[in-house]
Every structure is written in structure tokens, then in C-alpha cells.
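For reference, the structure is listed below as C-alpha cells.
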Amino acid sequence: MRCCNCGSEMIEKQHQTYHYLESGLPNVYLQGITVYECPVCDEVMPEIPSLRKLHLAIAMELVGKPDALSGTELRYLRKEMGVQAKTFAKMLGYTPQHLSRIENGHEGISEQADKLTRSLFLMRRIEEASLRNQLDEIKNQLDQIFASFRDRLRKHSDRRISINMPAFMISEKEENSLFST
Ligand SMILES: [Zn+2]
């Protein structure tokens with residue numbers, strides 16, 4: 001593979017940990033991943049077989065965390081749901097300006113809006129899963145997540161989110177072919 005920066009041949013390194021800042025979140029780390037490093041300009045490129053599955057796994061980590069969502073995390077979940085800021089503001093009962101201040105970290109999120117965001121995401125997820133006959137797969141996750149809903153959320157923390165990459169080695173192409181029949 002060639003470096004997108006300088007065109008040099010990149011070196012493959014397996015079983016690495018990659019700080020996944022491309023997610024837009026400050027604290028996501030991909031474990032056991034293959035990366036390509038440029039020996040000339042130090043550019044690093046991760047190999048991500050199924051971006052969609054990875055982004056879903058990160059979203060499920062956020063939905064299940066026991067502490068409050070940050071504005072950045074709220075925006076991440078909104079984008080994963082494919083909902084426009086204006087529409088999402090309405091769903092949460094905010095003005096678009098207020099939602100924008102929250103997403104940019106200038107204002108906190110109420111506990112209600114936090115839990116509503118997680119619930120909206122889960123409803124979307126259940127809808128998708130039933131279309132793909134994957135409901136069994138998310139039942140355990142749901143039990144765990146609803147348990148965390150019974151308690152008050154703790155104060156937000158940027159604790160590390162680690163995603164175990166070998167679990168995502170099935171490529172999107174293979175995955176789609178599983179559901180095409
Ligand atoms: Zn380079």
C-alpha cells in the first residue's frame with residue numbers, strides 16, 4: 001500500500017492499538033488492528049474491514065455507558081441515526097441553537113435528553129435488527145443497557161472506549177452477501 005501523503009511504500013504492522021480520532025470522539029481505541037505505517041512521513045493508516053459495524057459498536061458502547069453523554073457523544077449518536085440537527089432538536093424539545101451549544105460542549109445535556117437520545121438510538125437499532133433477523137443478537141445488550149437506565153447517570157467521564165477489532169474481521173461485502181438471500 002502506498003502512503004497517501006508522500007507516495008512511499010507503507011509497512012504493515014499487525015496487532016496494534018490505534019487511537020481512532022477519525023471517529024470524532026477523543027477516547028476510542030481500536031485493539032488488535034492491522035495498521036500501515038509510512039517509514040518516510042510517519043503517516044499511519046488503519047485497516048478497517050467493516051466501517052459500518054465498527055461505528056455501530058462504538059455507538060452501542062456510548063448507549064450503554066453508566067455516565068452522562070458529552071455533547072460530542074450526543075452528536076455521534078445523532079449522526080449514526082442519520083438525523084439532521086434541526087429535526088433532532090425538535091425531538092429533544094430544544095431549539096436548534098440550544099442543540100448546537102450542547103453538541104459543541106458549551107452547555108450540558110439534561111438527564112432526560114440524554115436518556116431519550118439513547119432510547120431513540122435503540123429503537124432505531126431494534127428496527128434494523130428485526131429487518132435482518134438479528135434480534136437475538138442484541139437481546140443481551142439490551143438487558144444490560146436497560147439496567148443502566150434504572151439508575152441516575154454518573155457525571156460524564158472520558159474513560160477509554162476499547163473496541164476489539166478481530167471481532168470485526170468479517171468484511172462488509174461478506175456480511176451483505178449473508179443477508180442477500
Ligand atoms: Zn508518507
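Quick note on naming: the chains in the C-alpha cells go A, B, ... in the order shown, residues restart at 1 in each chain, and ligands are numbered from 1 in order of appearance.
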Members of region 9-170 of chain A assigned alpha helix (DSSP H) by DSSP, as a PyMOL selection string: chain A and resi 51-64+71-81+85-92+96-103+111-131+135-149
Distance filter 9 Å around ligand 1, atoms: only C-alpha atoms and all ligand atoms, out as a PyMOL selection string: chain A and resi 2-10+37-44
Top pick for closest residue to Gly82 (chain A), considering A:Leu54, A:Met60, A:Ile109, A:Leu120 and counting only C-alpha atoms: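 Answer, going by the shortest atom-to-atom distance: A:Leu120.
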Contacts of region 22-36 of chain A within 7 Å, only C-alpha atoms, excl. fewer than 2 positions in-chain, as a list in words: Met10, Ile11, Glu12, Lys13, Gln14, His15, Gln16, Thr17, Tyr18, His19, Tyr20, Cys38, Val44, Met45, Pro46, Glu47, Thr72, Glu73, Asp158, Arg159, Arg160, Ile161, Ser162, Ile163, Asn164, Met165 and Pro166 of chain A
File of the preceding selection, C-alpha atoms, as a PDB file, in the first residue's frame:
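Output file selection-v4.pdb is given in full below:
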ATOM      1  CA  MET A  10       3.940   1.580   3.687  1.00  0.00           C
ATOM      2  CA  ILE A  11       4.847  -1.125   6.223  1.00  0.00           C
ATOM      3  CA  GLU A  12       2.165  -3.481   7.519  1.00  0.00           C
ATOM      4  CA  LYS A  13       2.009  -3.942  11.315  1.00  0.00           C
ATOM      5  CA  GLN A  14      -0.421  -6.386  12.928  1.00  0.00           C
ATOM      6  CA  HIS A  15      -1.927  -6.493  16.443  1.00  0.00           C
ATOM      7  CA  GLN A  16      -1.647  -2.761  17.016  1.00  0.00           C
ATOM      8  CA  THR A  17      -3.672  -0.329  19.078  1.00  0.00           C
ATOM      9  CA  TYR A  18      -4.986   2.622  17.075  1.00  0.00           C
ATOM     10  CA  HIS A  19      -6.287   5.836  18.615  1.00  0.00           C
ATOM     11  CA  TYR A  20      -9.346   6.318  16.395  1.00  0.00           C
ATOM     12  CA  CYS A  38       4.849   5.202   6.300  1.00  0.00           C
ATOM     13  CA  VAL A  44      -0.478   5.796   9.826  1.00  0.00           C
ATOM     14  CA  MET A  45      -3.468   4.157   8.137  1.00  0.00           C
ATOM     15  CA  PRO A  46      -5.689   1.675   9.967  1.00  0.00           C
ATOM     16  CA  GLU A  47      -7.231  -1.294   8.160  1.00  0.00           C
ATOM     17  CA  THR A  72     -19.613  15.165  21.167  1.00  0.00           C
ATOM     18  CA  GLU A  73     -21.072  11.764  22.029  1.00  0.00           C
ATOM     19  CA  ASP A 158     -13.787  10.428  29.059  1.00  0.00           C
ATOM     20  CA  ARG A 159     -12.870   6.900  30.088  1.00  0.00           C
ATOM     21  CA  ARG A 160     -11.234   4.879  27.341  1.00  0.00           C
ATOM     22  CA  ILE A 161     -13.534   3.039  24.910  1.00  0.00           C
ATOM     23  CA  SER A 162     -11.719  -0.036  23.571  1.00  0.00           C
ATOM     24  CA  ILE A 163     -13.051  -1.920  20.584  1.00  0.00           C
ATOM     25  CA  ASN A 164     -11.669  -5.376  19.938  1.00  0.00           C
ATOM     26  CA  MET A 165     -11.030  -5.378  16.189  1.00  0.00           C
ATOM     27  CA  PRO A 166     -10.699  -9.109  15.403  1.00  0.00           C
TER      28      PRO A 166
END
Pick from A:Asp114, A:Ile126, A:Gly108, A:Ala85, whichever lies nearest to Lys65 (chain A) using only C-alpha atoms: A:Asp114
Residue set, chain A restricted to strand (DSSP E or B), as a PyMOL selection string: chain A and resi 2+9+11-19+28-37+44-46+67+154+161-164
Those same residues - N, CA and C atoms - I'd like them written as a short mmCIF file (atom, residue, chain, number, x, y, z; two decimals), in the first residue's frame.
data_model
loop_
_atom_site.label_atom_id
_atom_site.label_comp_id
_atom_site.auth_asym_id
_atom_site.auth_seq_id
_atom_site.Cartn_x
_atom_site.Cartn_y
_atom_site.Cartn_z
N ARG A 2 0.45 2.25 -0.78
CA ARG A 2 1.22 3.50 -0.90
C ARG A 2 0.69 4.54 0.09
N GLU A 9 6.15 3.40 -0.05
CA GLU A 9 5.55 2.11 0.28
C GLU A 9 5.38 2.00 1.80
N ILE A 11 4.51 0.14 5.56
CA ILE A 11 4.85 -1.13 6.22
C ILE A 11 3.64 -1.61 7.03
N GLU A 12 3.31 -2.90 6.81
CA GLU A 12 2.16 -3.48 7.52
C GLU A 12 2.56 -3.90 8.93
N LYS A 13 1.76 -3.51 9.93
CA LYS A 13 2.01 -3.94 11.31
C LYS A 13 0.72 -4.48 11.90
N GLN A 14 0.79 -5.75 12.38
CA GLN A 14 -0.42 -6.39 12.93
C GLN A 14 -0.51 -6.22 14.44
N HIS A 15 -1.68 -6.50 14.99
CA HIS A 15 -1.93 -6.49 16.44
C HIS A 15 -1.56 -5.16 17.08
N GLN A 16 -1.96 -4.08 16.48
CA GLN A 16 -1.65 -2.76 17.02
C GLN A 16 -2.85 -2.18 17.77
N THR A 17 -2.58 -1.10 18.49
CA THR A 17 -3.67 -0.33 19.08
C THR A 17 -3.70 1.01 18.35
N TYR A 18 -4.87 1.38 17.87
CA TYR A 18 -4.99 2.62 17.08
C TYR A 18 -5.95 3.59 17.76
N HIS A 19 -5.45 4.80 18.02
CA HIS A 19 -6.29 5.84 18.61
C HIS A 19 -7.17 6.40 17.50
N VAL A 28 -11.55 6.83 21.77
CA VAL A 28 -11.82 5.50 21.20
C VAL A 28 -10.51 4.87 20.72
N TYR A 29 -10.24 3.63 21.15
CA TYR A 29 -9.03 2.90 20.77
C TYR A 29 -9.41 1.57 20.14
N LEU A 30 -8.83 1.27 18.99
CA LEU A 30 -9.10 0.00 18.31
C LEU A 30 -7.96 -0.96 18.64
N GLN A 31 -8.31 -2.08 19.26
CA GLN A 31 -7.31 -3.05 19.71
C GLN A 31 -7.15 -4.17 18.70
N GLY A 32 -5.91 -4.67 18.56
CA GLY A 32 -5.65 -5.83 17.72
C GLY A 32 -5.84 -5.54 16.24
N ILE A 33 -5.62 -4.30 15.85
CA ILE A 33 -5.87 -3.88 14.47
C ILE A 33 -4.58 -3.94 13.63
N THR A 34 -4.73 -4.13 12.32
CA THR A 34 -3.60 -4.03 11.40
C THR A 34 -3.51 -2.58 10.92
N VAL A 35 -2.30 -1.98 11.02
CA VAL A 35 -2.12 -0.62 10.52
C VAL A 35 -0.99 -0.60 9.49
N TYR A 36 -1.00 0.38 8.63
CA TYR A 36 0.08 0.60 7.66
C TYR A 36 0.79 1.89 8.04
N GLU A 37 2.13 1.77 8.25
CA GLU A 37 2.92 2.94 8.65
C GLU A 37 3.85 3.35 7.53
N VAL A 44 0.02 7.11 9.40
CA VAL A 44 -0.48 5.80 9.83
C VAL A 44 -1.90 5.60 9.30
N MET A 45 -2.12 4.45 8.63
CA MET A 45 -3.47 4.16 8.14
C MET A 45 -4.00 2.87 8.73
N PRO A 46 -5.13 2.90 9.40
CA PRO A 46 -5.69 1.67 9.97
C PRO A 46 -6.42 0.87 8.90
N ASP A 67 -22.21 6.62 32.65
CA ASP A 67 -22.07 8.06 32.92
C ASP A 67 -22.67 8.87 31.77
N ARG A 154 -24.12 8.79 36.09
CA ARG A 154 -23.00 9.43 36.77
C ARG A 154 -22.50 10.59 35.93
N ILE A 161 -12.66 4.01 25.56
CA ILE A 161 -13.53 3.04 24.91
C ILE A 161 -12.65 2.16 24.03
N SER A 162 -12.56 0.87 24.35
CA SER A 162 -11.72 -0.04 23.57
C SER A 162 -12.60 -0.95 22.75
N ILE A 163 -12.31 -1.03 21.46
CA ILE A 163 -13.05 -1.92 20.58
C ILE A 163 -12.10 -3.01 20.12
N ASN A 164 -12.50 -4.25 20.31
CA ASN A 164 -11.67 -5.38 19.94
C ASN A 164 -11.86 -5.69 18.45
#
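By only C-alpha atoms, and with residues fewer than 6 positions from Glu107 (chain A) along its chain excluded, the set lying at most 9 Å from it is Gly71, His98, Leu99 and Arg101 of chain A.
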Based on the selection just made, write C-alpha atoms of those residues as a PDB file, in the first residue's frame.
ATOM      1  CA  GLY A  71     -22.016  16.881  23.576  1.00  0.00           C
ATOM      2  CA  HIS A  98     -29.554  25.141  22.015  1.00  0.00           C
ATOM      3  CA  LEU A  99     -28.721  21.726  20.496  1.00  0.00           C
ATOM      4  CA  ARG A 101     -24.433  24.704  22.015  1.00  0.00           C
TER       5      ARG A 101
END
Residues within 12 Å of Val83 (chain A), only C-alpha atoms, excluding chain neighbours under 4 positions, as a list in words: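 My reading of the contact set: Leu74, Arg75, Tyr76, Leu77, Arg78, Lys79, Thr87, Phe88, Ala89, Lys90, Met91, Thr117, Leu120, Phe121 and Arg124 of chain A.
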Store the residues of this selection in a file with C-alpha atoms, as a CSV table (one decimal), in the first residue's frame.
chain,number,residue,atom,x,y,z
A,74,LEU,CA,-24.6,13.1,21.6
A,75,ARG,CA,-23.7,14.3,18.1
A,76,TYR,CA,-22.0,11.0,17.3
A,77,LEU,CA,-25.3,9.1,18.1
A,78,ARG,CA,-27.4,11.6,16.2
A,79,LYS,CA,-25.2,11.2,13.1
A,87,THR,CA,-35.0,17.5,13.3
A,88,PHE,CA,-33.1,16.1,16.3
A,89,ALA,CA,-33.5,19.4,18.2
A,90,LYS,CA,-37.3,19.1,17.8
A,91,MET,CA,-37.3,15.5,19.0
A,117,THR,CA,-31.2,10.1,22.9
A,120,LEU,CA,-34.2,6.8,20.2
A,121,PHE,CA,-30.9,5.1,19.1
A,124,ARG,CA,-33.6,2.6,15.5
Interatomic distance, CA of Leu116 (chain A) to CA of Ser157 (chain A) (Å, one decimal):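 If I compute the distance from CA of Leu116 (chain A) to CA of Ser157 (chain A), I get 19.4 Å.
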Using only C-alpha atoms: which of A:Phe146, A:Pro49, A:Ser70, A:Tyr94 has the shortest distance to Leu122 (chain A): A:Phe146
Spatial neighbours of Leu153 (chain A), max dist 10 Å, only C-alpha atoms, sep filter under 3 positions, as a ChimeraX atom specification: /A:65-69,111,114-115,148-150,156
